[in-house]
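*Asks:* Hey, dropping target-v6.txt in here, compact mmCIF, C-alpha atoms and all ligand atoms:
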# COMPACT_ATOMS: atom_id res chain seq x y z
CA MET A 12 0.00 0.00 0.00
CA LYS A 13 2.78 2.37 1.00
CA VAL A 14 4.67 1.62 -2.24
CA LYS A 15 1.52 2.41 -4.22
CA LYS A 16 1.21 5.78 -2.44
CA ILE A 17 4.81 6.61 -3.20
CA ILE A 18 4.29 5.74 -6.88
CA ILE A 19 1.16 7.93 -7.09
CA ALA A 20 2.99 10.80 -5.39
CA PHE A 21 5.87 10.42 -7.85
CA ILE A 22 3.55 10.42 -10.87
CA THR A 23 1.71 13.49 -9.54
CA ILE A 24 4.97 15.40 -9.09
CA PHE A 25 6.08 14.35 -12.59
CA LEU A 26 2.80 15.50 -14.19
CA LEU A 27 2.77 18.77 -12.26
CA HIS A 28 6.34 19.45 -13.31
CA ASN A 29 5.49 18.93 -16.97
CA PHE A 30 2.41 21.16 -16.71
CA THR A 31 4.50 23.92 -15.15
CA CYS A 32 6.99 23.45 -18.00
CA PHE A 33 4.31 24.32 -20.50
CA THR A 34 3.27 27.48 -18.73
CA SER A 35 6.65 28.72 -17.52
CA GLY A 36 8.88 27.86 -20.44
CA CYS A 37 11.05 25.39 -18.54
CA ALA A 38 10.75 23.06 -21.53
CA GLU A 39 13.33 25.35 -23.02
CA LYS A 40 15.52 24.96 -19.96
CA LYS A 41 15.66 21.23 -20.63
CA GLU A 42 17.24 22.06 -23.96
CA ASP A 43 19.79 24.12 -22.03
CA LYS A 44 20.90 21.08 -20.12
CA GLN A 45 21.52 19.06 -23.26
CA VAL A 46 24.06 21.46 -24.63
CA LYS A 47 25.50 22.75 -21.37
CA ASN A 48 28.79 20.99 -21.83
CA ASP A 49 29.58 22.65 -25.11
CA SER A 50 31.69 25.77 -25.48
CA ALA A 51 31.71 28.70 -23.07
CA GLU A 52 30.13 30.84 -25.75
CA GLN A 53 27.27 28.39 -26.06
CA LYS A 54 26.74 28.51 -22.32
CA LEU A 55 26.27 32.23 -22.59
CA ASN A 56 23.81 31.82 -25.43
CA ASN A 57 21.91 29.08 -23.63
CA SER A 58 20.57 31.63 -21.21
CA LYS A 59 18.61 33.01 -24.16
CA MET A 60 16.33 30.02 -23.85
CA ASP A 61 15.38 30.70 -20.26
CA SER A 62 12.28 32.83 -19.81
CA THR A 63 12.65 32.96 -16.04
CA ILE A 64 16.02 34.62 -15.79
CA ASN A 65 16.43 38.21 -14.76
CA LYS A 66 19.89 39.16 -15.85
CA PHE A 67 19.47 42.90 -15.82
CA THR A 68 18.82 44.84 -12.65
CA ASP A 69 18.22 48.20 -14.29
CA LEU A 70 16.12 47.71 -17.41
CA GLU A 71 15.95 51.42 -18.17
CA LYS A 72 19.71 51.34 -18.56
CA ASP A 73 20.04 47.87 -20.07
CA ALA A 74 17.04 47.68 -22.44
CA PHE A 75 19.22 47.29 -25.51
CA LYS A 76 21.49 44.75 -23.81
CA LEU A 77 18.37 42.75 -23.01
CA HIS A 78 17.25 43.01 -26.63
CA TYR A 79 20.46 41.51 -28.02
CA ASP A 80 20.51 38.90 -25.25
CA ALA A 81 16.94 37.75 -25.86
CA ILE A 82 15.71 35.49 -28.66
CA VAL A 83 13.94 37.70 -31.17
CA ILE A 84 11.59 36.05 -33.67
CA ASP A 85 9.54 37.59 -36.47
CA THR A 86 6.79 35.32 -37.77
CA HIS A 87 6.07 37.01 -41.11
CA ASN A 88 8.25 38.67 -43.74
CA ASP A 89 7.67 39.11 -47.48
CA ILE A 90 11.25 39.77 -48.65
CA LEU A 91 10.95 36.93 -51.20
CA MET A 92 8.57 39.12 -53.19
CA PRO A 93 11.12 41.89 -54.03
CA VAL A 94 13.77 39.20 -54.41
CA MET A 95 11.82 37.25 -57.05
CA LEU A 96 10.07 40.17 -58.76
CA ASN A 97 12.77 42.87 -58.69
CA GLY A 98 15.97 40.90 -58.14
CA ALA A 99 16.58 42.43 -54.68
CA ASP A 100 19.77 41.11 -53.06
CA ILE A 101 19.06 39.78 -49.59
CA THR A 102 22.73 39.17 -48.78
CA ARG A 103 23.77 42.82 -48.57
CA GLU A 104 22.26 45.93 -47.05
CA THR A 105 20.09 47.58 -49.67
CA LYS A 106 18.16 50.84 -49.67
CA SER A 107 15.27 49.41 -51.64
CA THR A 108 14.09 46.85 -49.07
CA GLN A 109 13.02 47.07 -45.43
CA SER A 110 14.88 43.89 -44.55
CA ASP A 111 17.90 41.80 -45.54
CA LEU A 112 20.50 39.63 -43.78
CA VAL A 113 22.54 42.68 -42.69
CA LYS A 114 19.57 44.61 -41.26
CA TRP A 115 18.28 41.54 -39.38
CA LYS A 116 21.66 41.16 -37.71
CA LYS A 117 21.79 44.83 -36.73
CA GLY A 118 18.23 44.56 -35.44
CA GLY A 119 19.13 41.61 -33.20
CA LEU A 120 16.77 39.20 -34.95
CA ASP A 121 17.46 35.50 -34.35
CA VAL A 122 14.73 33.85 -36.40
CA GLN A 123 12.85 35.06 -39.47
CA ILE A 124 9.88 33.18 -40.87
CA PHE A 125 9.89 33.73 -44.63
CA SER A 126 6.49 34.02 -46.22
CA ILE A 127 5.97 31.65 -49.16
CA TYR A 128 3.49 33.82 -51.00
CA ILE A 129 2.37 33.97 -54.63
CA PRO A 130 2.26 37.65 -55.71
CA GLU A 131 -0.92 38.92 -57.39
CA LYS A 132 1.01 39.40 -60.65
CA ILE A 133 1.85 35.70 -60.77
CA LYS A 134 -1.30 33.95 -59.47
CA SER A 135 -1.04 30.97 -61.76
CA ASP A 136 0.85 27.74 -61.36
CA ASP A 137 0.86 28.63 -57.64
CA PHE A 138 2.26 25.36 -56.34
CA ASN A 139 5.28 25.38 -58.66
CA TYR A 140 5.96 29.03 -57.83
CA ALA A 141 5.94 28.12 -54.12
CA ILE A 142 8.46 25.34 -54.79
CA LYS A 143 10.63 27.90 -56.61
CA LEU A 144 10.66 30.08 -53.47
CA ILE A 145 11.56 27.12 -51.26
CA ASP A 146 14.37 26.17 -53.68
CA TYR A 147 15.65 29.75 -53.54
CA LEU A 148 15.93 29.62 -49.72
CA ASP A 149 17.70 26.25 -49.84
CA LYS A 150 20.16 27.65 -52.37
CA LEU A 151 20.68 30.78 -50.28
CA GLN A 152 21.52 28.65 -47.27
CA SER A 153 24.03 26.55 -49.19
CA GLU A 154 25.70 29.64 -50.66
CA TYR A 155 25.76 31.59 -47.38
CA PRO A 156 26.06 28.92 -44.67
CA ASP A 157 27.54 31.39 -42.17
CA GLU A 158 24.71 33.90 -42.57
CA LEU A 159 21.61 31.71 -42.67
CA TYR A 160 20.41 28.35 -41.46
CA MET A 161 17.01 27.09 -42.59
CA ALA A 162 15.85 25.01 -39.61
CA LYS A 163 13.66 21.97 -40.16
CA ASN A 164 12.41 21.41 -36.61
CA TYR A 165 12.44 22.76 -33.04
CA LYS A 166 15.54 20.90 -31.94
CA GLU A 167 17.56 22.07 -34.91
CA LEU A 168 16.33 25.62 -34.41
CA ILE A 169 17.37 25.70 -30.74
CA LYS A 170 20.76 24.22 -31.50
CA ARG A 171 21.47 26.81 -34.19
CA ILE A 172 20.24 29.70 -32.06
CA ASN A 173 22.61 28.48 -29.36
CA ASP A 174 25.39 28.43 -31.96
CA GLY A 175 24.63 32.12 -32.55
CA LYS A 176 23.31 31.47 -36.06
CA PHE A 177 20.64 33.50 -37.79
CA CYS A 178 17.86 31.04 -38.60
CA GLY A 179 15.08 30.94 -41.15
CA LEU A 180 11.80 29.07 -41.13
CA MET A 181 9.10 29.02 -43.80
CA GLY A 182 5.39 29.75 -43.60
CA ALA A 183 3.02 29.64 -46.57
CA GLU A 184 0.54 32.47 -47.10
CA GLY A 185 -2.62 31.45 -48.91
CA GLY A 186 -4.17 27.99 -49.31
CA ASN A 187 -4.23 28.65 -53.07
CA ILE A 188 -0.63 27.37 -52.97
CA ILE A 189 -1.74 23.76 -52.54
CA GLU A 190 -4.19 24.07 -55.48
CA GLY A 191 -6.84 21.91 -53.80
CA SER A 192 -4.47 18.96 -53.40
CA MET A 193 -3.64 17.20 -50.15
CA ASP A 194 -0.52 15.78 -51.82
CA ASN A 195 0.72 19.32 -52.44
CA LEU A 196 0.12 20.13 -48.76
CA GLU A 197 2.24 17.15 -47.78
CA THR A 198 4.94 18.16 -50.26
CA ILE A 199 5.34 21.71 -48.92
CA TYR A 200 5.33 20.27 -45.40
CA SER A 201 8.07 17.79 -46.31
CA ARG A 202 10.07 20.68 -47.80
CA GLY A 203 10.00 22.43 -44.40
CA VAL A 204 7.00 24.80 -44.55
CA LYS A 205 5.85 25.14 -40.93
CA TYR A 206 2.61 27.05 -41.23
CA LEU A 207 -0.09 27.60 -43.81
CA GLY A 208 -2.22 30.74 -43.83
CA LEU A 209 -5.48 29.17 -45.00
CA THR A 210 -6.35 32.14 -47.23
CA TRP A 211 -4.75 35.35 -48.37
CA ASN A 212 -7.17 38.19 -49.33
CA THR A 213 -8.86 35.96 -51.89
CA SER A 214 -10.86 32.86 -51.01
CA ASN A 215 -9.77 29.47 -52.26
CA ALA A 216 -10.66 25.75 -52.13
CA ILE A 217 -10.04 25.78 -48.36
CA GLY A 218 -12.33 28.62 -47.31
CA VAL A 219 -13.51 32.23 -47.42
CA SER A 220 -11.12 35.11 -46.72
CA ALA A 221 -11.70 38.08 -44.40
CA LYS A 222 -11.68 40.48 -47.34
CA ASP A 223 -14.23 38.48 -49.36
CA GLU A 224 -16.48 38.02 -46.34
CA THR A 225 -16.51 41.64 -45.15
CA GLN A 226 -16.00 43.69 -48.31
CA ARG A 227 -17.39 41.49 -51.06
CA GLY A 228 -20.27 39.88 -49.14
CA LYS A 229 -19.12 36.32 -49.79
CA LYS A 230 -20.77 33.75 -47.53
CA GLY A 231 -19.32 30.56 -46.08
CA GLY A 232 -16.50 29.40 -43.82
CA LEU A 233 -14.23 26.44 -44.38
CA THR A 234 -15.20 24.08 -47.21
CA GLU A 235 -15.31 20.32 -46.66
CA PHE A 236 -11.85 20.19 -48.19
CA GLY A 237 -10.80 22.99 -45.80
CA ILE A 238 -11.92 20.95 -42.80
CA GLU A 239 -9.85 18.02 -44.09
CA VAL A 240 -6.85 20.34 -44.58
CA VAL A 241 -7.08 21.50 -40.94
CA LYS A 242 -7.23 17.89 -39.73
CA LYS A 243 -4.30 16.94 -41.97
CA MET A 244 -2.25 19.88 -40.66
CA ASN A 245 -2.92 18.70 -37.09
CA GLU A 246 -1.78 15.24 -38.09
CA LEU A 247 1.39 16.50 -39.82
CA GLY A 248 2.33 18.99 -37.10
CA MET A 249 1.89 22.13 -39.17
CA MET A 250 0.68 25.42 -37.65
CA ILE A 251 -2.66 26.80 -38.85
CA ASP A 252 -2.40 30.53 -39.57
CA VAL A 253 -5.65 32.52 -39.46
CA SER A 254 -4.32 35.95 -40.51
CA HIS A 255 -6.45 36.95 -43.55
CA LEU A 256 -9.09 34.29 -42.82
CA GLY A 257 -12.81 35.18 -42.74
CA GLU A 258 -14.54 35.17 -39.38
CA THR A 259 -16.89 32.28 -40.19
CA ALA A 260 -13.96 30.16 -41.39
CA PHE A 261 -12.02 31.25 -38.28
CA TRP A 262 -14.64 29.69 -36.01
CA ASP A 263 -14.68 26.55 -38.17
CA VAL A 264 -10.93 26.29 -37.52
CA VAL A 265 -11.43 26.78 -33.78
CA ASN A 266 -14.05 24.01 -33.76
CA THR A 267 -11.90 21.64 -35.84
CA SER A 268 -8.25 22.09 -34.82
CA LYS A 269 -6.86 20.15 -31.89
CA ASP A 270 -3.64 22.16 -31.93
CA PRO A 271 -2.87 25.79 -30.99
CA ILE A 272 -3.79 28.30 -33.70
CA ILE A 273 -1.59 31.19 -34.80
CA ALA A 274 -2.15 34.59 -36.40
CA SER A 275 1.26 35.23 -37.98
CA HIS A 276 0.63 38.93 -38.78
CA SER A 277 -2.56 40.46 -37.35
CA CYS A 278 -3.66 43.48 -35.30
CA VAL A 279 -6.47 44.26 -32.86
CA TYR A 280 -9.93 45.10 -34.25
CA THR A 281 -11.11 47.02 -31.17
CA LEU A 282 -8.22 49.49 -31.59
CA SER A 283 -8.41 49.57 -35.37
CA PRO A 284 -11.66 48.22 -36.84
CA LEU A 285 -10.44 46.90 -40.20
CA TYR A 286 -11.56 43.85 -42.14
CA ARG A 287 -8.83 41.47 -41.10
CA ASN A 288 -7.92 42.65 -37.61
CA LEU A 289 -8.91 40.27 -34.82
CA LYS A 290 -11.95 40.84 -32.62
CA ASP A 291 -11.73 40.23 -28.87
CA ASP A 292 -13.48 36.86 -28.97
CA GLN A 293 -11.10 35.72 -31.73
CA ILE A 294 -8.08 36.78 -29.66
CA LYS A 295 -9.52 34.91 -26.67
CA ALA A 296 -10.10 31.77 -28.78
CA ILE A 297 -6.51 31.81 -30.07
CA ALA A 298 -5.22 32.16 -26.50
CA GLU A 299 -7.51 29.37 -25.30
CA SER A 300 -6.07 27.13 -28.01
CA GLY A 301 -2.61 27.85 -26.58
CA GLY A 302 -1.62 29.75 -29.74
CA ILE A 303 -0.22 33.20 -30.47
CA ILE A 304 -1.13 36.50 -32.13
CA CYS A 305 1.92 38.13 -33.73
CA VAL A 306 1.31 41.82 -34.22
CA ASN A 307 1.59 43.24 -37.75
CA PHE A 308 3.65 46.45 -38.21
CA TYR A 309 1.53 47.76 -41.12
CA SER A 310 0.65 51.35 -40.15
CA ARG A 311 -2.81 51.13 -41.76
CA PHE A 312 -3.72 47.99 -39.81
CA LEU A 313 -2.48 49.64 -36.62
CA ASP A 314 -4.30 52.91 -37.27
CA PRO A 315 -7.02 53.23 -39.95
CA ASN A 316 -6.20 56.94 -40.29
CA ALA A 317 -2.52 56.39 -41.03
CA ASN A 318 -1.18 58.82 -43.60
CA THR A 319 1.42 56.98 -45.70
CA ARG A 320 2.81 60.17 -47.24
CA GLN A 321 3.50 61.63 -43.80
CA ILE A 322 5.15 58.39 -42.70
CA ASN A 323 7.37 58.25 -45.78
CA ALA A 324 8.58 61.81 -45.11
CA ILE A 325 9.32 60.98 -41.45
CA HIS A 326 11.23 57.81 -42.48
CA LYS A 327 13.27 59.81 -44.95
CA LYS A 328 14.22 62.33 -42.29
CA TYR A 329 15.08 59.64 -39.70
CA LYS A 330 17.12 57.54 -42.10
CA SER A 331 19.25 60.40 -43.36
CA ALA A 332 19.93 61.58 -39.80
CA LEU A 333 20.70 58.09 -38.48
CA LYS A 334 22.78 56.54 -41.27
CA PRO A 335 25.95 58.40 -40.21
CA LEU A 336 25.42 57.09 -36.66
CA GLU A 337 25.47 53.49 -37.91
CA GLU A 338 28.86 54.18 -39.47
CA LYS A 339 30.11 55.98 -36.33
CA TYR A 340 29.32 53.01 -34.05
CA GLY A 341 30.13 50.09 -36.39
CA ASP A 342 29.77 46.83 -34.40
CA ASP A 343 28.84 48.68 -31.20
CA LEU A 344 25.12 48.06 -31.62
CA ILE A 345 24.26 49.04 -28.05
CA GLY A 346 25.99 52.41 -28.42
CA PHE A 347 24.30 52.97 -31.77
CA ASN A 348 20.87 52.13 -30.34
CA GLU A 349 21.32 54.45 -27.39
CA GLU A 350 22.15 57.41 -29.56
CA ARG A 351 19.48 56.46 -32.13
CA TYR A 352 16.85 56.30 -29.38
CA GLN A 353 17.90 59.67 -28.05
CA TYR A 354 17.50 61.11 -31.55
CA LEU A 355 14.09 59.45 -32.02
CA THR A 356 12.89 60.81 -28.68
CA GLU A 357 14.10 64.33 -29.40
CA ASN A 358 12.54 64.22 -32.87
CA TYR A 359 9.26 62.61 -31.81
CA THR A 360 6.20 63.48 -33.84
CA ASP A 361 2.59 62.50 -33.35
CA ARG A 362 2.04 62.76 -37.10
CA GLY A 363 2.36 59.55 -39.11
CA VAL A 364 1.98 56.54 -36.81
CA PRO A 365 4.22 56.59 -33.72
CA ILE A 366 5.57 53.22 -32.56
CA ASP A 367 3.50 53.69 -29.36
CA VAL A 368 0.46 52.65 -31.41
CA LEU A 369 2.07 49.26 -32.12
CA ILE A 370 2.86 48.89 -28.42
CA ASP A 371 -0.82 49.71 -27.69
CA HIS A 372 -1.85 46.67 -29.78
CA ILE A 373 0.61 44.42 -27.90
CA ASP A 374 -0.61 45.88 -24.59
CA TYR A 375 -4.24 45.31 -25.50
CA ILE A 376 -3.69 41.60 -26.20
CA VAL A 377 -1.69 41.19 -22.99
CA LYS A 378 -4.44 42.84 -20.93
CA LEU A 379 -7.14 40.78 -22.62
CA VAL A 380 -5.60 37.29 -22.45
CA GLY A 381 -2.25 37.48 -20.65
CA ILE A 382 1.42 37.72 -21.53
CA ASP A 383 1.81 34.27 -23.12
CA TYR A 384 -0.03 34.80 -26.40
CA VAL A 385 1.57 37.73 -28.19
CA GLY A 386 4.55 38.06 -30.52
CA LEU A 387 5.91 40.00 -33.51
CA GLY A 388 4.91 39.43 -37.16
CA SER A 389 6.25 42.49 -38.97
CA ASP A 390 5.08 41.91 -42.58
CA PHE A 391 8.23 43.84 -43.65
CA ASP A 392 8.62 44.03 -47.43
CA GLY A 393 5.00 43.11 -48.00
CA GLY A 394 4.47 46.54 -49.60
CA ILE A 395 3.67 48.10 -46.22
CA SER A 396 4.50 51.38 -44.53
CA THR A 397 5.59 50.89 -40.92
CA PRO A 398 5.38 53.10 -37.80
CA ASN A 399 7.63 56.17 -37.72
CA GLU A 400 10.37 54.72 -35.52
CA LEU A 401 10.31 51.27 -37.20
CA TYR A 402 11.63 52.46 -40.54
CA ASP A 403 13.36 49.12 -41.29
CA ALA A 404 14.45 45.81 -39.76
CA THR A 405 17.33 47.40 -37.85
CA CYS A 406 14.68 48.92 -35.54
CA TYR A 407 13.43 45.92 -33.50
CA PRO A 408 15.44 47.18 -30.45
CA VAL A 409 13.18 50.26 -30.30
CA ILE A 410 10.26 47.90 -29.52
CA THR A 411 12.15 46.42 -26.56
CA LYS A 412 12.98 49.89 -25.24
CA LYS A 413 9.33 50.92 -25.49
CA LEU A 414 8.18 47.75 -23.68
CA VAL A 415 10.60 48.58 -20.86
CA GLU A 416 9.13 52.09 -20.68
CA ARG A 417 5.63 50.58 -20.43
CA GLY A 418 6.78 48.66 -17.35
CA TYR A 419 7.12 45.16 -18.79
CA SER A 420 9.47 42.87 -16.88
CA GLU A 421 12.52 41.22 -18.41
CA GLN A 422 10.75 37.86 -18.36
CA ASP A 423 7.67 39.27 -20.11
CA ILE A 424 9.75 41.01 -22.77
CA ARG A 425 11.62 37.77 -23.53
CA LYS A 426 8.24 36.08 -24.00
CA ILE A 427 6.93 38.72 -26.40
CA LEU A 428 10.15 38.86 -28.41
CA GLY A 429 10.42 35.12 -29.03
CA LEU A 430 9.71 32.62 -26.27
CA ASN A 431 5.94 32.63 -26.75
CA PHE A 432 6.37 31.62 -30.36
CA LEU A 433 8.92 28.95 -29.47
CA ARG A 434 6.41 27.40 -27.07
CA VAL A 435 3.79 27.11 -29.83
CA PHE A 436 6.34 25.94 -32.41
CA LYS A 437 7.60 23.19 -30.12
CA ARG A 438 4.12 22.03 -29.23
CA VAL A 439 2.71 21.93 -32.79
CA CYS A 440 5.71 21.15 -34.99
CA GLY A 441 8.07 19.40 -32.57
ZN ZN B 1 -0.43 38.93 -45.37
For this file, produce the structure as structure tokens.

*Replies:*
Amino acid sequence: MKVKKIIIAFITIFLLHNFTCFTSGCAEKKEDKQVKNDSAEQKLNNSKMDSTINKFTDLEKDAFKLHYDAIVIDTHNDILMPVMLNGADITRETKSTQSDLVKWKKGGLDVQIFSIYIPEKIKSDDFNYAIKLIDYLDKLQSEYPDELYMAKNYKELIKRINDGKFCGLMGAEGGNIIEGSMDNLETIYSRGVKYLGLTWNTSNAIGVSAKDETQRGKKGGLTEFGIEVVKKMNELGMMIDVSHLGETAFWDVVNTSKDPIIASHSCVYTLSPLYRNLKDDQIKAIAESGGIICVNFYSRFLDPNANTRQINAIHKKYKSALKPLEEKYGDDLIGFNEERYQYLTENYTDRGVPIDVLIDHIDYIVKLVGIDYVGLGSDFDGGISTPNELYDATCYPVITKKLVERGYSEQDIRKILGLNFLRVFKRVCG
């Protein structure tokens, strides 16, 4: 009898421990242990995985140190569009794009999810075009192995982050890519695509989009095929992305999916009532699923009154004032960020869309459902204008500084910047 009691007590402790792991991020700490014996440098990086640490006693002073110490993940970027359509070069810093490998490094980004998206101009032979994009990323990795690693799963991703590598993942945008074929879904999955946005702005064989439902009066949610796609994605371990999806189809996903749901690049409807921003009950449903809402940087989604011309003029002014500072500080990114932030503060304007509006959207989600369900999904290079202070992908540290000013703790900031997404990624994709 006594032995039985001891066994039950042991099992209870074991189960409780694992439950706490899910909510506190100690699953990541387990990964720490595995690689602890590696190099000293890796030991330093391992701390990035720990959401419970508080390394910095004075966040006001050390906001930028925290930013470069934390894991920073962006769940949506459209750089492949200018690359494929205009021949943009991702390997060097270019004026024509908001992001590239150099800007990501300066911005302290650790993981970028590349959007596999078929531009409007193309919109034929979608599946083959998607394969072309995947091939491009594979080729990029083999040509620039020091600059980019395309991770295939959670374990690989963690290992490479710990090695200090910049990592890429892939997410498909628009169910049109699979052209109504489950085989095509399995093929993009086997090629490493980790999420599928069920629709873009146009509806497809899977379901009705937010734009069609609200602006074109199209009725319907997920189709029968769409329901099967959701079930198949659960089975494969692929994240279901509801950014762009119609509200009826959204609830069909909620009622069908057994796994956490993500919104890879979406904003808050209550703050900015636009067709594809998420209403409160949608945000709550995503949180209840254990998923994540990654906030889009598009100024017009953040603020329906955004004036793109004003923003462009502000960006022009900021960039020309700040470029010489980048050269002055070189590799001293902390020094550069401190002086850049001082400039941005002294030259603050409430015209355009100040970055505070983006922080308001993050804040709103946190207050509604808690700290564990929000992240960053910039949509850089998707033809968008971004808030004043986020003029390109070197500017992620400004977000961290603003979160510090709003009173977020170090642990909470680490969650928003990357650990929340890692939790979902590990749980769904493994
Ligand atoms: Zn999009």

*Asks:* Once you count all atoms listed in the file, what closest atom pair and distance in Å to one decimal does each residue of chain A within 12 Å of ligand ZN 1 (chain B) have, with rows by chain and rising residue number, as a tab-separated table?

*Replies:*
residue	atom	partner	partner_atom	distance
A:Thr86	CA	B:ZN1	ZN	11.1
A:His87	CA	B:ZN1	ZN	8.0
A:Asn88	CA	B:ZN1	ZN	8.8
A:Asp89	CA	B:ZN1	ZN	8.4
A:Met92	CA	B:ZN1	ZN	11.9
A:Phe125	CA	B:ZN1	ZN	11.6
A:Ser126	CA	B:ZN1	ZN	8.5
A:Ile127	CA	B:ZN1	ZN	10.4
A:Tyr128	CA	B:ZN1	ZN	8.6
A:Ile129	CA	B:ZN1	ZN	10.9
A:Pro130	CA	B:ZN1	ZN	10.8
A:Gly182	CA	B:ZN1	ZN	11.0
A:Ala183	CA	B:ZN1	ZN	10.0
A:Glu184	CA	B:ZN1	ZN	6.8
A:Gly185	CA	B:ZN1	ZN	8.6
A:Leu207	CA	B:ZN1	ZN	11.4
A:Gly208	CA	B:ZN1	ZN	8.5
A:Leu209	CA	B:ZN1	ZN	11.0
A:Thr210	CA	B:ZN1	ZN	9.2
A:Trp211	CA	B:ZN1	ZN	6.4
A:Asn212	CA	B:ZN1	ZN	7.9
A:Thr213	CA	B:ZN1	ZN	11.1
A:Ser220	CA	B:ZN1	ZN	11.4
A:Ala221	CA	B:ZN1	ZN	11.3
A:Lys222	CA	B:ZN1	ZN	11.5
A:Asp252	CA	B:ZN1	ZN	10.4
A:Val253	CA	B:ZN1	ZN	10.2
A:Ser254	CA	B:ZN1	ZN	6.9
A:His255	CA	B:ZN1	ZN	6.6
A:Leu256	CA	B:ZN1	ZN	10.2
A:Ala274	CA	B:ZN1	ZN	10.1
A:Ser275	CA	B:ZN1	ZN	8.4
A:His276	CA	B:ZN1	ZN	6.7
A:Ser277	CA	B:ZN1	ZN	8.4
A:Cys278	CA	B:ZN1	ZN	11.5
A:Arg287	CA	B:ZN1	ZN	9.8
A:Asn288	CA	B:ZN1	ZN	11.4
A:Cys305	CA	B:ZN1	ZN	11.9
A:Val306	CA	B:ZN1	ZN	11.6
A:Asn307	CA	B:ZN1	ZN	9.0
A:Phe308	CA	B:ZN1	ZN	11.2
A:Tyr309	CA	B:ZN1	ZN	10.0
A:Phe312	CA	B:ZN1	ZN	11.1
A:Gly388	CA	B:ZN1	ZN	9.8
A:Ser389	CA	B:ZN1	ZN	9.9
A:Asp390	CA	B:ZN1	ZN	6.9
A:Phe391	CA	B:ZN1	ZN	10.1
A:Asp392	CA	B:ZN1	ZN	10.6
A:Gly393	CA	B:ZN1	ZN	7.3
A:Gly394	CA	B:ZN1	ZN	10.0
A:Ile395	CA	B:ZN1	ZN	10.1

*Asks:* At a cut-off of 12 Å, using only C-alpha atoms, what residues contact range 245-251 of chain A? Leave out same-chain residues fewer than 4 positions from it and give the result as a PyMOL selection string.

*Replies:* chain A and resi 86+163-165+181-186+193+196-210+237-241+255-256+261+264-265+267-275+297+300-304+432+435-441

*Asks:* Find the residue from A:Ile188, A:Ile142, A:Ile427, A:Leu112 that sits nearest to Ile382 in chain A; use all atoms listed in the file when measuring.

*Replies:*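 Of A:Ile188, A:Ile142, A:Ile427, A:Leu112, the one nearest Ile382 in chain A, counting all atoms listed in the file, is A:Ile427.
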
*Asks:* Using all atoms listed in the file, which protein or nucleic acid residues come within 9 Å of Phe177 in chain A? Drop anything in the same chain fewer than 5 positions from it, and give the result as number ranges by chain.

*Replies:* A: 112, 115-116, 120-123, 157-161, 171-172

*Asks:* If I take CA of Gln353 in chain A and CA of Phe75 in chain A, how far is one from the other in Å, to one decimal?

*Replies:*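 Here the two named atoms are 12.7 Å from each other.
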
*Asks:* Calculate how many Å separate CA of Leu430 in chain A from CA of Ile82 in chain A, rounding to one decimal.

*Replies:* 7.1 Å

*Asks:* Give as a list in words every residue, naming chains and numbers as the document does, that has an atom within 9 Å of (7.6, 51.3, -37.1), counting all atoms listed in the file.

*Replies:*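 Within the cut-off we find Phe308, Tyr309, Ser310, Val364, Pro365, Ile366, Leu369, Ser396, Thr397, Pro398, Asn399, Glu400, Leu401, Tyr402, Asp403, Cys406, Tyr407, Val409 and Ile410 of chain A.
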
*Asks:* Leaving out Gly218 in chain A and any residue of its chain fewer than 2 positions from it, which residues lie within 7 Å of it when counting all atoms listed in the file, given as a PyMOL selection string?

*Replies:* chain A and resi 210+214-216+220+232-234+237+260

*Asks:* Find the residue from A:Tyr359, A:Lys117, A:Leu387, A:Ile101 that sits nearest to Leu148 in chain A; use all atoms listed in the file when measuring.

*Replies:*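 That would be A:Ile101, the residue with the smallest distance to Leu148 in chain A.
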
*Asks:* Have a look at CA of Asn195 in chain A and CA of Asn139 in chain A and let me know their distance in Å, one decimal.

*Replies:*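 Between CA of Asn195 in chain A and CA of Asn139 in chain A the gap is 9.8 Å.
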
*Asks:* Which one of A:Ser135, A:Ser192, A:Gln152, A:Ser331 sits closest to Arg351 in chain A if you count only C-alpha atoms?

*Replies:*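 Comparing A:Ser135, A:Ser192, A:Gln152, A:Ser331 against Arg351 in chain A, the winner is A:Ser331.
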
*Asks:* Using all atoms listed in the file for the distances, tell me which of A:Val380, A:Lys143, A:Phe236, A:Ile322 is nearest to Asp292 in chain A.

*Replies:* A:Val380

*Asks:* Which is closer to Arg227 in chain A than all the others in A:Tyr340, A:Phe67, A:Tyr384, A:Tyr286, using all atoms listed in the file?

*Replies:* A:Tyr286

*Asks:* At a cut-off of 12 Å, using only C-alpha atoms, what residues contact Ala99 in chain A? Leave out same-chain residues fewer than 3 positions from it and give the result as a list in words.

*Replies:*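 Close residues of Ala99 in chain A: Asp89, Ile90, Leu91, Met92, Pro93, Val94, Met95, Leu96, Thr102, Arg103, Glu104, Thr105, Lys106, Ser107, Thr108, Gln109, Ser110, Asp111, Leu112 and Asp392 of chain A.
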